Every structure is written in structure tokens, then in C-alpha cells.
$ cat entry.pdb   # PDB, C-alpha atoms and all ligand atoms
ATOM      1  CA  MET J   1       4.912 -23.653  -0.814
ATOM      2  CA  THR J   2       3.680 -20.253  -1.997
ATOM      3  CA  ILE J   3       0.043 -19.402  -1.573
ATOM      4  CA  ASP J   4      -0.961 -16.880  -4.180
ATOM      5  CA  PHE J   5      -4.678 -17.571  -4.744
ATOM      6  CA  ALA J   6      -7.454 -15.465  -3.242
ATOM      7  CA  VAL J   7     -11.226 -15.782  -3.436
ATOM      8  CA  VAL J   8     -12.999 -12.419  -3.221
ATOM      9  CA  PRO J   9     -16.761 -12.693  -2.651
ATOM     10  CA  VAL J  10     -18.567  -9.640  -4.047
ATOM     11  CA  ALA J  11     -22.029 -11.093  -4.615
ATOM     12  CA  GLY J  12     -23.890  -9.603  -1.621
ATOM     13  CA  LEU J  13     -26.707  -7.142  -2.263
ATOM     14  CA  GLY J  14     -25.467  -4.454   0.131
ATOM     15  CA  THR J  15     -28.959  -3.749   1.435
ATOM     16  CA  ARG J  16     -27.588  -1.956   4.503
ATOM     17  CA  LEU J  17     -26.298   0.739   2.144
ATOM     18  CA  LEU J  18     -29.471   1.432   0.171
ATOM     19  CA  PRO J  19     -30.166   3.567  -1.798
ATOM     20  CA  ALA J  20     -26.438   4.033  -2.596
ATOM     21  CA  THR J  21     -26.213   0.383  -3.644
ATOM     22  CA  LYS J  22     -29.473   0.134  -5.562
ATOM     23  CA  SER J  23     -27.872   0.084  -9.004
ATOM     24  CA  GLN J  24     -24.165  -0.219  -8.204
ATOM     25  CA  PRO J  25     -22.187  -2.751  -6.174
ATOM     26  CA  LYS J  26     -21.175  -1.670  -2.671
ATOM     27  CA  GLU J  27     -17.674  -2.827  -3.600
ATOM     28  CA  MET J  28     -17.558   0.010  -6.164
ATOM     29  CA  LEU J  29     -18.369   2.783  -3.674
ATOM     30  CA  PRO J  30     -15.517   5.298  -3.525
ATOM     31  CA  VAL J  31     -13.470   5.630  -0.358
ATOM     32  CA  GLY J  32     -11.403   8.740  -1.034
ATOM     33  CA  ARG J  33     -10.073   8.298  -4.577
ATOM     34  CA  LYS J  34     -10.626   4.633  -5.233
ATOM     35  CA  PRO J  35     -13.470   2.144  -5.133
ATOM     36  CA  VAL J  36     -13.392  -0.249  -2.181
ATOM     37  CA  VAL J  37     -12.520  -3.275  -4.293
ATOM     38  CA  GLN J  38      -9.421  -1.608  -5.758
ATOM     39  CA  TYR J  39      -7.963  -1.240  -2.261
ATOM     40  CA  VAL J  40      -8.801  -4.875  -1.561
ATOM     41  CA  ILE J  41      -6.964  -6.068  -4.664
ATOM     42  CA  GLU J  42      -3.978  -3.774  -4.045
ATOM     43  CA  GLU J  43      -3.811  -5.043  -0.459
ATOM     44  CA  LEU J  44      -3.842  -8.646  -1.689
ATOM     45  CA  ALA J  45      -1.162  -7.905  -4.313
ATOM     46  CA  ARG J  46       1.019  -6.373  -1.560
ATOM     47  CA  ASN J  47       0.583  -9.632   0.377
ATOM     48  CA  GLY J  48       1.790 -11.911  -2.421
ATOM     49  CA  VAL J  49      -1.512 -12.783  -4.132
ATOM     50  CA  LYS J  50      -1.212 -13.308  -7.879
ATOM     51  CA  ARG J  51      -4.507 -14.978  -8.790
ATOM     52  CA  VAL J  52      -7.932 -13.667  -7.800
ATOM     53  CA  LEU J  53     -11.286 -15.362  -8.248
ATOM     54  CA  PHE J  54     -14.201 -12.976  -7.765
ATOM     55  CA  ILE J  55     -17.503 -14.555  -6.751
ATOM     56  CA  THR J  56     -19.876 -12.131  -8.426
ATOM     57  CA  GLY J  57     -23.602 -12.086  -9.027
ATOM     58  CA  HIS J  58     -26.422 -10.135 -10.549
ATOM     59  CA  GLY J  59     -25.626  -6.442 -11.066
ATOM     60  CA  LYS J  60     -21.904  -6.763 -10.352
ATOM     61  CA  GLU J  61     -20.635  -6.405 -13.939
ATOM     62  CA  SER J  62     -19.020  -3.023 -13.258
ATOM     63  CA  ILE J  63     -16.420  -4.800 -11.080
ATOM     64  CA  GLU J  64     -15.297  -6.848 -14.105
ATOM     65  CA  ASP J  65     -15.214  -3.749 -16.317
ATOM     66  CA  PHE J  66     -13.160  -1.926 -13.709
ATOM     67  CA  PHE J  67     -10.243  -4.380 -13.779
ATOM     68  CA  ASP J  68     -10.090  -4.580 -17.606
ATOM     69  CA  VAL J  69      -7.586  -2.483 -19.532
ATOM     70  CA  ASP J  70      -9.701   0.300 -21.038
ATOM     71  CA  GLN J  71      -7.864   1.023 -24.286
ATOM     72  CA  GLU J  72     -10.469   3.532 -25.438
ATOM     73  CA  LEU J  73     -10.119   5.631 -22.284
ATOM     74  CA  ILE J  74      -6.321   5.460 -22.497
ATOM     75  CA  GLU J  75      -6.402   6.692 -26.122
ATOM     76  CA  PHE J  76      -8.838   9.434 -25.201
ATOM     77  CA  LEU J  77      -6.574  10.741 -22.434
ATOM     78  CA  ARG J  78      -3.494  10.533 -24.698
ATOM     79  CA  THR J  79      -5.039  12.401 -27.608
ATOM     80  CA  ARG J  80      -6.312  15.135 -25.274
ATOM     81  CA  GLY J  81      -2.858  15.559 -23.740
ATOM     82  CA  LYS J  82      -4.064  14.370 -20.317
ATOM     83  CA  GLU J  83      -1.064  12.137 -19.732
ATOM     84  CA  ASP J  84      -1.023  12.995 -16.012
ATOM     85  CA  GLN J  85      -4.457  11.389 -15.566
ATOM     86  CA  LEU J  86      -3.164   8.147 -17.073
ATOM     87  CA  ALA J  87      -1.308   7.463 -13.825
ATOM     88  CA  ALA J  88      -4.673   6.798 -12.182
ATOM     89  CA  LEU J  89      -5.115   3.801 -14.487
ATOM     90  CA  GLU J  90      -1.810   2.114 -13.688
ATOM     91  CA  PHE J  91      -3.572  -0.465 -11.507
ATOM     92  CA  GLU J  92      -4.967  -1.977 -14.731
ATOM     93  CA  ARG J  93      -1.470  -3.340 -15.399
ATOM     94  CA  ASN J  94      -0.834  -4.930 -12.011
ATOM     95  CA  ASP J  95       0.602  -8.410 -11.869
ATOM     96  CA  ILE J  96      -2.646 -10.290 -11.136
ATOM     97  CA  GLU J  97      -4.703 -12.815 -13.078
ATOM     98  CA  TYR J  98      -8.440 -12.273 -12.608
ATOM     99  CA  ALA J  99     -11.195 -14.842 -12.930
ATOM    100  CA  TYR J 100     -14.904 -14.462 -12.292
ATOM    101  CA  THR J 101     -17.625 -16.894 -11.400
ATOM    102  CA  ARG J 102     -21.172 -16.195 -10.337
ATOM    103  CA  GLN J 103     -23.150 -17.162  -7.300
ATOM    104  CA  ARG J 104     -26.466 -18.026  -8.905
ATOM    105  CA  GLU J 105     -28.665 -17.435  -5.874
ATOM    106  CA  GLN J 106     -28.370 -15.186  -2.817
ATOM    107  CA  LEU J 107     -27.717 -18.018  -0.374
ATOM    108  CA  GLY J 108     -25.133 -16.277   1.795
ATOM    109  CA  LEU J 109     -21.373 -16.001   2.259
ATOM    110  CA  GLY J 110     -20.847 -19.715   2.891
ATOM    111  CA  ASP J 111     -22.494 -20.559  -0.417
ATOM    112  CA  ALA J 112     -20.475 -17.857  -2.200
ATOM    113  CA  VAL J 113     -17.193 -19.352  -0.948
ATOM    114  CA  ARG J 114     -18.395 -22.819  -1.924
ATOM    115  CA  CYS J 115     -18.665 -21.568  -5.542
ATOM    116  CA  ALA J 116     -14.839 -21.403  -5.536
ATOM    117  CA  GLU J 117     -14.372 -25.131  -4.992
ATOM    118  CA  PRO J 118     -13.870 -26.149  -8.651
ATOM    119  CA  PHE J 119     -11.131 -23.498  -8.974
ATOM    120  CA  VAL J 120      -9.123 -24.281  -5.842
ATOM    121  CA  ARG J 121      -6.070 -26.530  -6.126
ATOM    122  CA  ASN J 122      -5.143 -28.883  -3.351
ATOM    123  CA  GLU J 123      -3.505 -26.129  -1.302
ATOM    124  CA  PRO J 124      -4.460 -23.324   1.084
ATOM    125  CA  PHE J 125      -6.115 -20.193  -0.250
ATOM    126  CA  VAL J 126      -7.103 -16.754   1.001
ATOM    127  CA  VAL J 127     -10.670 -15.460   1.312
ATOM    128  CA  ALA J 128     -10.916 -11.653   1.373
ATOM    129  CA  LEU J 129     -14.348 -10.047   1.617
ATOM    130  CA  GLY J 130     -14.708  -7.392  -1.072
ATOM    131  CA  ASP J 131     -16.420  -4.857   1.198
ATOM    132  CA  SER J 132     -13.668  -4.470   3.799
ATOM    133  CA  ILE J 133     -10.234  -2.890   3.599
ATOM    134  CA  LEU J 134      -7.424  -3.694   6.049
ATOM    135  CA  GLY J 135      -5.305  -0.737   7.069
ATOM    136  CA  LEU J 136      -5.348   2.846   5.872
ATOM    137  CA  HIS J 137      -5.376   2.721   2.050
ATOM    138  CA  GLY J 138      -5.115  -1.086   2.321
ATOM    139  CA  GLN J 139      -1.551  -0.997   3.675
ATOM    140  CA  SER J 140      -1.970  -4.077   5.914
ATOM    141  CA  LYS J 141       0.401  -7.048   5.697
ATOM    142  CA  ALA J 142      -1.839  -9.277   7.814
ATOM    143  CA  VAL J 143      -2.745 -11.643   4.963
ATOM    144  CA  GLU J 144       0.906 -12.466   4.278
ATOM    145  CA  ARG J 145       1.366 -13.305   7.970
ATOM    146  CA  MET J 146      -1.785 -15.409   8.022
ATOM    147  CA  VAL J 147      -0.516 -17.419   5.056
ATOM    148  CA  GLN J 148       2.846 -18.013   6.785
ATOM    149  CA  ILE J 149       1.082 -19.045   9.993
ATOM    150  CA  CYS J 150      -1.114 -21.490   8.068
ATOM    151  CA  ILE J 151       1.926 -23.182   6.548
ATOM    152  CA  GLU J 152       4.253 -23.109   9.566
ATOM    153  CA  ARG J 153       1.632 -24.337  12.047
ATOM    154  CA  ASP J 154      -0.173 -26.618   9.653
ATOM    155  CA  ALA J 155      -3.481 -24.904  10.460
ATOM    156  CA  GLU J 156      -6.751 -25.673   8.687
ATOM    157  CA  VAL J 157      -8.146 -22.187   9.300
ATOM    158  CA  VAL J 158      -6.501 -18.851  10.077
ATOM    159  CA  VAL J 159      -8.786 -15.881  10.659
ATOM    160  CA  ALA J 160      -8.109 -12.172  11.245
ATOM    161  CA  PHE J 161      -9.943 -10.612  14.197
ATOM    162  CA  GLU J 162     -10.465  -7.125  15.529
ATOM    163  CA  GLU J 163     -11.343  -6.268  19.118
ATOM    164  CA  LEU J 164     -14.708  -4.478  19.104
ATOM    165  CA  GLU J 165     -15.006  -1.311  21.160
ATOM    166  CA  SER J 166     -18.416  -2.173  22.512
ATOM    167  CA  LEU J 167     -20.199  -5.430  23.306
ATOM    168  CA  ASP J 168     -23.283  -4.122  21.484
ATOM    169  CA  GLU J 169     -21.441  -4.474  18.165
ATOM    170  CA  VAL J 170     -21.127  -8.275  18.383
ATOM    171  CA  VAL J 171     -24.532  -8.663  16.712
ATOM    172  CA  HIS J 172     -22.981  -7.594  13.370
ATOM    173  CA  TYR J 173     -20.077 -10.047  13.168
ATOM    174  CA  GLY J 174     -18.745 -13.564  13.548
ATOM    175  CA  ILE J 175     -17.341 -13.702  17.102
ATOM    176  CA  ALA J 176     -14.415 -15.840  18.290
ATOM    177  CA  GLN J 177     -14.216 -18.152  21.222
ATOM    178  CA  PRO J 178     -10.497 -17.890  21.877
ATOM    179  CA  GLY J 179      -8.549 -20.720  23.484
ATOM    180  CA  LYS J 180      -4.959 -20.630  24.627
ATOM    181  CA  ASN J 181      -2.657 -17.796  23.756
ATOM    182  CA  LEU J 182      -0.176 -18.874  21.080
ATOM    183  CA  GLY J 183       2.201 -15.991  21.616
ATOM    184  CA  GLY J 184       1.944 -12.308  20.705
ATOM    185  CA  ASP J 185      -1.200 -11.582  18.756
ATOM    186  CA  LEU J 186      -2.016 -15.234  17.968
ATOM    187  CA  PHE J 187      -4.556 -17.403  19.738
ATOM    188  CA  GLU J 188      -6.128 -20.789  19.338
ATOM    189  CA  LEU J 189      -9.521 -20.448  17.679
ATOM    190  CA  VAL J 190     -11.777 -22.883  19.517
ATOM    191  CA  ASP J 191     -15.103 -21.828  18.061
ATOM    192  CA  VAL J 192     -16.780 -18.970  16.239
ATOM    193  CA  VAL J 193     -20.401 -17.830  16.467
ATOM    194  CA  GLU J 194     -22.210 -15.827  13.790
ATOM    195  CA  LYS J 195     -23.772 -12.580  15.014
ATOM    196  CA  PRO J 196     -24.554 -13.612  18.618
ATOM    197  CA  SER J 197     -26.500 -11.485  21.055
ATOM    198  CA  PRO J 198     -24.282  -9.640  23.575
ATOM    199  CA  SER J 199     -25.220 -12.117  26.306
ATOM    200  CA  GLU J 200     -24.213 -15.117  24.156
ATOM    201  CA  ALA J 201     -20.980 -13.636  22.756
ATOM    202  CA  PRO J 202     -17.899 -15.639  23.772
ATOM    203  CA  SER J 203     -15.651 -12.539  23.357
ATOM    204  CA  GLN J 204     -15.486  -9.155  21.638
ATOM    205  CA  LEU J 205     -13.183 -10.465  18.914
ATOM    206  CA  ALA J 206     -14.910 -10.022  15.551
ATOM    207  CA  VAL J 207     -14.066 -11.830  12.317
ATOM    208  CA  ALA J 208     -12.372  -9.122  10.263
ATOM    209  CA  SER J 209     -13.040 -10.313   6.706
ATOM    210  CA  ARG J 210      -9.746 -12.089   5.934
ATOM    211  CA  TYR J 211      -9.370 -15.874   6.169
ATOM    212  CA  VAL J 212      -6.930 -18.564   5.051
ATOM    213  CA  PHE J 213      -8.466 -21.977   4.486
ATOM    214  CA  ARG J 214      -7.353 -25.368   3.301
ATOM    215  CA  PRO J 215      -9.692 -27.141   0.856
ATOM    216  CA  SER J 216     -11.116 -29.062   3.859
ATOM    217  CA  ILE J 217     -13.517 -26.124   4.371
ATOM    218  CA  PHE J 218     -15.525 -27.252   1.321
ATOM    219  CA  GLU J 219     -16.369 -30.562   2.991
ATOM    220  CA  TYR J 220     -17.997 -28.589   5.820
ATOM    221  CA  LEU J 221     -19.617 -25.971   3.595
ATOM    222  CA  LYS J 222     -21.438 -28.739   1.751
ATOM    223  CA  LYS J 223     -22.858 -30.001   5.056
ATOM    224  CA  THR J 224     -23.886 -26.558   6.284
ATOM    225  CA  GLU J 225     -27.585 -25.781   6.415
ATOM    226  CA  ARG J 226     -29.068 -22.317   6.366
ATOM    227  CA  GLY J 227     -28.391 -20.438   9.611
ATOM    228  CA  LYS J 228     -28.558 -16.768  10.695
ATOM    229  CA  GLY J 229     -30.609 -14.674   8.268
ATOM    230  CA  ASN J 230     -31.725 -17.897   6.549
ATOM    231  CA  GLU J 231     -28.338 -17.960   4.753
ATOM    232  CA  ILE J 232     -25.545 -20.510   4.492
ATOM    233  CA  GLN J 233     -22.947 -19.053   6.829
ATOM    234  CA  LEU J 234     -19.193 -19.445   6.378
ATOM    235  CA  THR J 235     -18.960 -19.139  10.162
ATOM    236  CA  ASP J 236     -21.164 -22.224  10.653
ATOM    237  CA  ALA J 237     -18.929 -24.294   8.351
ATOM    238  CA  MET J 238     -15.867 -23.108  10.287
ATOM    239  CA  ARG J 239     -17.375 -24.064  13.611
ATOM    240  CA  LYS J 240     -18.113 -27.592  12.380
ATOM    241  CA  LEU J 241     -14.557 -27.898  11.124
ATOM    242  CA  LEU J 242     -13.135 -26.591  14.424
ATOM    243  CA  ALA J 243     -15.278 -29.034  16.417
ATOM    244  CA  ASP J 244     -14.127 -31.955  14.242
ATOM    245  CA  ARG J 245     -10.474 -30.985  14.136
ATOM    246  CA  PRO J 246      -9.708 -29.250  17.434
ATOM    247  CA  GLY J 247      -6.465 -27.304  17.617
ATOM    248  CA  THR J 248      -6.339 -26.558  13.890
ATOM    249  CA  GLY J 249      -7.801 -23.042  14.014
ATOM    250  CA  ILE J 250      -5.718 -19.932  14.670
ATOM    251  CA  GLY J 251      -6.855 -16.362  15.224
ATOM    252  CA  LEU J 252      -4.690 -13.337  14.521
ATOM    253  CA  LYS J 253      -5.540 -10.081  16.244
ATOM    254  CA  LEU J 254      -5.024  -7.282  13.760
ATOM    255  CA  PRO J 255      -2.127  -5.090  14.796
ATOM    256  CA  LYS J 256      -2.641  -1.397  15.584
ATOM    257  CA  GLY J 257      -2.673   0.668  12.420
ATOM    258  CA  GLU J 258      -4.028  -2.251  10.388
ATOM    259  CA  GLU J 259      -7.611  -1.931  11.491
ATOM    260  CA  ARG J 260     -10.458  -3.116   9.339
ATOM    261  CA  TYR J 261     -12.520  -0.571   7.427
ATOM    262  CA  ASP J 262     -15.958  -2.091   6.994
ATOM    263  CA  ILE J 263     -17.858  -0.646   4.042
ATOM    264  CA  GLY J 264     -20.967  -2.674   4.870
ATOM    265  CA  ASN J 265     -22.869   0.015   6.805
ATOM    266  CA  PHE J 266     -23.089   3.810   6.747
ATOM    267  CA  PRO J 267     -21.340   4.753  10.041
ATOM    268  CA  SER J 268     -18.181   2.811   9.204
ATOM    269  CA  TYR J 269     -18.338   3.834   5.523
ATOM    270  CA  PHE J 270     -18.383   7.514   6.534
ATOM    271  CA  LYS J 271     -15.477   6.917   8.909
ATOM    272  CA  ALA J 272     -13.463   5.128   6.228
ATOM    273  CA  PHE J 273     -14.092   7.884   3.694
ATOM    274  CA  THR J 274     -12.966  10.558   6.150
ATOM    275  CA  ASP J 275      -9.818   8.687   7.231
ATOM    276  CA  PHE J 276      -8.796   7.952   3.640
ATOM    277  CA  ALA J 277      -9.538  11.487   2.410
ATOM    278  CA  LEU J 278      -7.588  12.996   5.337
ATOM    279  CA  ALA J 279      -4.622  10.808   4.431
ATOM    280  CA  ASP J 280      -4.755  11.783   0.753
ATOM    281  CA  GLU J 281      -1.297  13.042  -0.252
ATOM    282  CA  GLU J 282      -2.598  15.815  -2.448
ATOM    283  CA  HIS J 283      -5.878  16.893  -0.881
ATOM    284  CA  GLY J 284      -5.654  15.629   2.719
ATOM    285  CA  ALA J 285      -4.247  18.826   4.240
ATOM    286  CA  ALA J 286      -6.941  21.037   2.699
ATOM    287  CA  TYR J 287      -9.641  18.598   3.768
ATOM    288  CA  ARG J 288      -8.281  18.649   7.322
ATOM    289  CA  SER J 289      -8.435  22.483   7.408
ATOM    290  CA  TYR J 290     -11.967  22.355   6.067
ATOM    291  CA  LEU J 291     -13.078  19.889   8.745
ATOM    292  CA  LYS J 292     -11.405  21.974  11.455
ATOM    293  CA  SER J 293     -13.195  25.122  10.294
ATOM    294  CA  LEU J 294     -16.454  23.206  10.121
ATOM    295  CA  LEU J 295     -16.081  21.825  13.641
ATOM    296  CA  GLY J 296     -14.813  25.108  15.001
ATOM    297  CA  ASN J 297     -11.400  24.149  16.388
TER     298      ASN J 297
HETATM  299  C1  LIG J 301     -19.745 -11.478   7.210
HETATM  300  C2  LIG J 301     -19.482 -12.714   8.080
HETATM  301  C3  LIG J 301     -19.145 -12.302   9.510
HETATM  302  C4  LIG J 301     -17.965 -11.351   9.487
HETATM  303  C5  LIG J 301     -18.263 -10.155   8.582
HETATM  304  C6  LIG J 301     -17.009  -9.315   8.426
HETATM  305  O1  LIG J 301     -20.937 -10.871   7.645
HETATM  306  O2  LIG J 301     -20.609 -13.550   8.036
HETATM  307  O3  LIG J 301     -18.813 -13.445  10.249
HETATM  308  O4  LIG J 301     -17.645 -10.908  10.796
HETATM  309  O5  LIG J 301     -18.659 -10.575   7.267
HETATM  310  O6  LIG J 301     -17.280  -8.136   7.757
HETATM  311  P1  LIG J 301     -21.761  -9.817   6.723
HETATM  312  O7  LIG J 301     -21.045  -8.508   6.881
HETATM  313  O8  LIG J 301     -21.686 -10.347   5.326
HETATM  314  O9  LIG J 301     -23.138  -9.798   7.279
END
$ encode --input "entry.pdb" --output "C-alpha cells"
Amino acid sequence: MTIDFAVVPVAGLGTRLLPATKSQPKEMLPVGRKPVVQYVIEELARNGVKRVLFITGHGKESIEDFFDVDQELIEFLRTRGKEDQLAALEFERNDIEYAYTRQREQLGLGDAVRCAEPFVRNEPFVVALGDSILGLHGQSKAVERMVQICIERDAEVVVAFEELESLDEVVHYGIAQPGKNLGGDLFELVDVVEKPSPSEAPSQLAVASRYVFRPSIFEYLKKTERGKGNEIQLTDAMRKLLADRPGTGIGLKLPKGEERYDIGNFPSYFKAFTDFALADEEHGAAYRSYLKSLLGN
């Protein structure tokens, strides 16, 4: 079985990044040279994804425009002799089929994923949040591994996790209750809690925005009531599923060098921009010198 379908929710309002996100999607914010969502799609393509369903919403049209082939722009660059700039548009030709559906109301991530149900075949699929990039410039191969794990171990849910540096950060993420170690960086996922307080957190392992589900998740999403933030939480649907079908959830700790860049708040957005700009092949070295001079060492 090959799993080549990914659902990419991009409907959230990005209120933590206002005013930058007032009239543009947070998924279109640049990180170095590219908008966030381009890294996400390139990462998915690198991991074997061939079909992407975006869950969009009000004000997200620029994401659709971005992935179209822009013939007018191509002609413009050709006639002005700017062939070298055409290379920046090569991603328009990548080997991916795009589809778009809209979440009609802001009811949360769980509801956004539920919008994918009519488009999912009877096989596992990937969910990749459109505001997070795995690995520098999206170089992670975690999704491919998660897909293999799902098939080989017949799991219902496989989730990527990152170890948080401080317990105070648990309030921003879904947090795992790990069970037995399944070897290396894999563990049994017993339960997951959405944005707990530090005293309630079962670990410091945070859901890192990549999931593999079987269609069974929809059964639980339909039964999920509004939770944290008065929204329908994907985490709450997962915890019901894990309680009903113990032993079918697997967590993967992201390997070193494949950390998650979260573009959902300013501190981690600034960090991502700096890391990506420093690693830029053409301009990274000059940027590094500039930062050194600025910081005085
Ligand atoms: C969502 C999920 C949360 C997860 C996070 C990853 O939260 O609900 O479980 O850890 O994405 O970025 P949000 O960032 O949409 O509040």
C-alpha cells in the first residue's frame, strides 16, 4: 500500500500573529525566501505525498493563487530577459495534485480535519498543519517514517512529537501520555491532552503538527464536542479513539536536526526566520557576519 494523500489545514485565523496576519494568511508569511506553506508542501513531496487537500477558509485565497502556474508572470520574466528568476517558480511544476475545500465556520482544528472526510479513501492519510515546518528548510523525512510505521504496525494513529525545553510551554500544545517504549524513538501513545496546565501535563512531549490517521478518526471527530478554546479539538477525538482502541496509537519523537519550526507565534517565527536565513546558500554567510557585528562577537 502506498499512502500519498495529505490533508493540510490552513483555515486558522492566526490571531497570535496580528497584525502581520490581518489581511494575509499566516501560512503565507515568508521564512527566509519562501512562504511557510511552500516548505510544508515541499516537505510532503519529499516524503512521498502526491495529492494534497487544503482545508482553507475566509481570506485564504492567496494560498490557492500561489500554487497555480502563473503564465503571465512567466511571460513577463521571459520577455524582460530575467530567465534566472524563473528558477524561483519551478515549484509550480512539482508532481502534486492540489484540491481545496473550505471550512465554513471557525470551529477548530478537529472540525477542519473533519471537512476532509468526503475526500478520503478507505486508507490511511497524513495530516500536516500548514503553519509548521519540520526540519531546516523542510528537510525532514519523519512523515515517510510515520506512514511506514502506520502500515507495518497496523496503527490507527501515528503522531510526531517534540520534547519541549520547559514545562511552561505545555500550555501551547497537545501533550502525550507515553506508554511503553517501542524501540528507538517510538513509544506507545496512551493518551493525549490538549494544552494542559504544567501541573496536569503527563509529559513534555508536544504534538508536532504531523499525524497519520486511518479513516476511523472521523467516527470520533463526529462525536467530539467543543473543548479547549470552545473549539472542536483534534486532540480530543484522538483521545477518545485511543481510549476505545488501546495499543493502536504510536508516537514518534522527532530526530535531532528535524525539529519543528512553529510559525504560530512571534518568538518561534523569529527563530525560524533567522535559522532559515542563516542557512541560505547565497545570502547566509553575509547574514551571519551581519548578526555577528550586531551582537559584537
Ligand atoms: C494545534 C493542536 C495542538 C498541537 C499544535 C501543533 O494547536 O491543537 O495539539 O500541538 O497545533 O502546532 P494550535 O497551534 O492550532 O493552537
$ resolve_selection --input "entry.pdb" --expression "the PyMOL selection byres (((not hetatm)) within 9 of (chain J and resi 301))" --output "PyMOL selection string"
chain J and resi 12+14+108-110+129+131-132+161+170+172-175+192-195+206-210+228-229+233-235+260-265
$ residues_around --input "entry.pdb" --residues "J:Thr2" --least-positions-apart "3" --cutoff "10 Å" --atoms "only C-alpha atoms" --output "VMD selection string"
chain J and resid 5 48 to 49 123 to 125 147 to 148 151
$ closest_residue --input "entry.pdb" --among "J:Arg46, J:Arg78, J:His58, J:Lys292" --to "J:Leu134" --atoms "all atoms listed in the file"
J:Arg46
$ closest_residue --input "entry.pdb" --among "J:Ile232, J:Leu242, J:Ile74, J:Ala99" --to "J:Ala155" --atoms "all atoms listed in the file"
J:Leu242
$ residues_around --input "entry.pdb" --residues "J:Leu254" --least-positions-apart "4" --cutoff "10 Å" --atoms "all atoms listed in the file" --output "tab-separated table (two decimals) with C-alpha atoms, in the frame of the given file"
chain	number	residue	atom	x	y	z
J	134	LEU	CA	-7.42	-3.69	6.05
J	135	GLY	CA	-5.30	-0.74	7.07
J	140	SER	CA	-1.97	-4.08	5.91
J	141	LYS	CA	0.40	-7.05	5.70
J	142	ALA	CA	-1.84	-9.28	7.81
J	159	VAL	CA	-8.79	-15.88	10.66
J	160	ALA	CA	-8.11	-12.17	11.24
J	161	PHE	CA	-9.94	-10.61	14.20
J	162	GLU	CA	-10.46	-7.12	15.53
J	163	GLU	CA	-11.34	-6.27	19.12
J	185	ASP	CA	-1.20	-11.58	18.76
J	186	LEU	CA	-2.02	-15.23	17.97
J	208	ALA	CA	-12.37	-9.12	10.26
J	258	GLU	CA	-4.03	-2.25	10.39
J	259	GLU	CA	-7.61	-1.93	11.49
J	260	ARG	CA	-10.46	-3.12	9.34
$ closest_residue --input "entry.pdb" --among "J:Arg80, J:Lys60, J:Lys253, J:Lys34" --to "J:Met146" --atoms "all atoms listed in the file"
J:Lys253
$ closest_residue --input "entry.pdb" --among "J:Arg245, J:Ala237, J:Glu61, J:Lys50" --to "J:Ser23" --atoms "only C-alpha atoms"
J:Glu61
$ closest_residue --input "entry.pdb" --among "J:Glu225, J:Phe273, J:Asp68, J:Glu219" --to "J:Pro35" --atoms "only C-alpha atoms"
J:Phe273
$ resolve_selection --input "entry.pdb" --expression "the PyMOL selection byres (((chain J and resi 55) around 12) and not hetatm)" --output "ChimeraX atom specification"
/J:6-12,52-54,56-58,60-61,63-64,98-106,108-117,119,127-130
